[in-house]
Amino acid sequence: GMNLNETGIPTRNQILETYCNYSHHYHQNETMKPQKHQQHPPSSVVPQSLPTVLRLRPANLEEANAWAGFYLSFLFFKNCVIVHGVAQRASSGVASSAMAHRVAELLPEMVRLARMIWEEYPPPAVASSAGGGDGSGYSRL
């Protein structure tokens with residue numbers, strides 16, 4: 001097999017650590033102006049009445065790891081929607097590429113992977129005022 005350490009591709013943990021470090025750096029420097037690609041306001045202008053999950057705050061590695069499966073499965077789902085559109089255009093004869101049929105063949109495997117990631121790494125339960133109906137005060141997102 002291929003030695004991934006020699007490829008220069010960061011590991012999952014390295015990516016999450018970089019994200020958390022950037023997040024902490026951003027929040028420590030409140031004078032930092034958001035770039036065009038950063039449309040979020042600084043946490044000081046976010047109303048405190050918003051639920052905690054919606055307030056911007058530095059990420060920590062444990063929390064980032066807990067949500068990583070959710071974001072990865074969401075990414076796969078988003079790509080499934082795109083590939084489904086490619087498949088629809090291919091079947092109606094208006095595809096923008098001669099390879100569209102081959103891309104469309106990937107859809108079942110992509111859906112399987114999205115579901116597998118969701119099942120193996122579900123999002124954590126979060127506190128909710130409404131709760132999940134079981135009296136725990138938690139619900140699944």
# chains A, B, ... in the order shown; residues from 1 in each chain; ligands from 1
call {"tool": "residues_around", "arguments": {"residues": "range 112-118 of chain A", "least_positions_apart": "6", "cutoff": "9 Å", "atoms": "only C-alpha atoms", "output": "ChimeraX atom specification"}}
result
/A:69-70,72-77,80
call {"tool": "residues_around", "arguments": {"residues": "Arg12 in chain A", "least_positions_apart": "4", "cutoff": "10 Å", "atoms": "only C-alpha atoms", "output": "count of residues only"}}
result
5
call {"tool": "select_by_dssp", "arguments": {"residues": "range 57-121 of chain A", "states": "alpha helix (DSSP H)", "output": "ChimeraX atom specification"}}
result
/A:61-91,100-104,107-120
